[in-house]
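One structure below.
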Amino acid sequence: MAHPCRAARAPLKGATLAVRQSRPGGVLGFGGTRSDGVVVPSVVRRAGQLTRWLAALFMLSALGLAWADDMPTFRLTAREGRFEPAELVVPQGVKFRLEITNAGRDPVEFESLELRKEKVLAPGVTSSLVFRPMAPGRYRFFDDFHQTTGQGAIVAR
């Protein structure tokens, strides 16, 4: 008897192709028969499944982005080596976004060792960071380019 792959490519004269439904993929890698009698290879069937999975994943990610817009946003401005406000109060246990604007003439680097976050901003740039829900406490941050004056804290209450 010929190897199953060879048999699939060049079936014997007069032989009919058997399709078994008990195993995913069927015999010889065929997935099943359509209603019009055409045998559909499992690769084609799996490609359709992959397309449906990717579409579902895309829709879920879009839904996640919509939920991200409901996140509270807090604003912080860096100007001339200082942060305004120097102390930012946020709710504890809530995921939030921090929008940082560099209103000065020099670049700034928002950095927090405790929160493991850092962001470099050129003059006139606004960017944001997303923070996981925090336990109650005080978390220091600083401007790495202006360490003596650029100090602040995020307080989770």
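Chain lettering (A, B, ...) mirrors the order of the structure tokens, residue numbering begins at 1 for each chain separately, and ligand numbering begins at 1 in order of display.
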Exercise. Excluding A:Leu113 and residues on its chain fewer than 3 positions from it, collect all residues at most 12 Å away from it, counting only C-alpha atoms, and give them as a PyMOL selection string.
Key: chain A and resi 110+116-119+139-144+153
Practice problem: Using only C-alpha atoms, determine which residues lie at most 8 Å from A:Phe145, disregarding the query and same-chain residues fewer than 2 positions distant; provide the list as a VMD selection string. | Solution: chain A and resid 81 107 to 109 143 147
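One distance worth recording is that between atom CA of A:Val89 and atom CA of A:Asp106, which is 26.2 Å.
Residue nearest A:Met71 within the list A:Ala86, A:Leu98, A:Val125, A:Ala135: A:Leu98 [criterion: smallest interatomic distance, only C-alpha atoms].
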Quiz item: Rounded to one decimal in Å, what is the spacing between atom CA of A:Thr73 and atom CA of A:Met59?
Solution: 24.3 Å
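You can rank A:Gly104, A:Gly37, A:Pro133, A:Gly48 by their closest distance to A:Ala78 using only C-alpha atoms, and at the top of that list sits A:Gly104.
A straight line drawn from atom CA of A:Thr148 to atom CA of A:Gly124 is 21.9 Å long.
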Quiz item: Taking into account only C-alpha atoms, which residue in the set A:Ile100, A:Ala56, A:Met134, A:Val38 is nearest to A:Val120?
Solution: A:Ile100
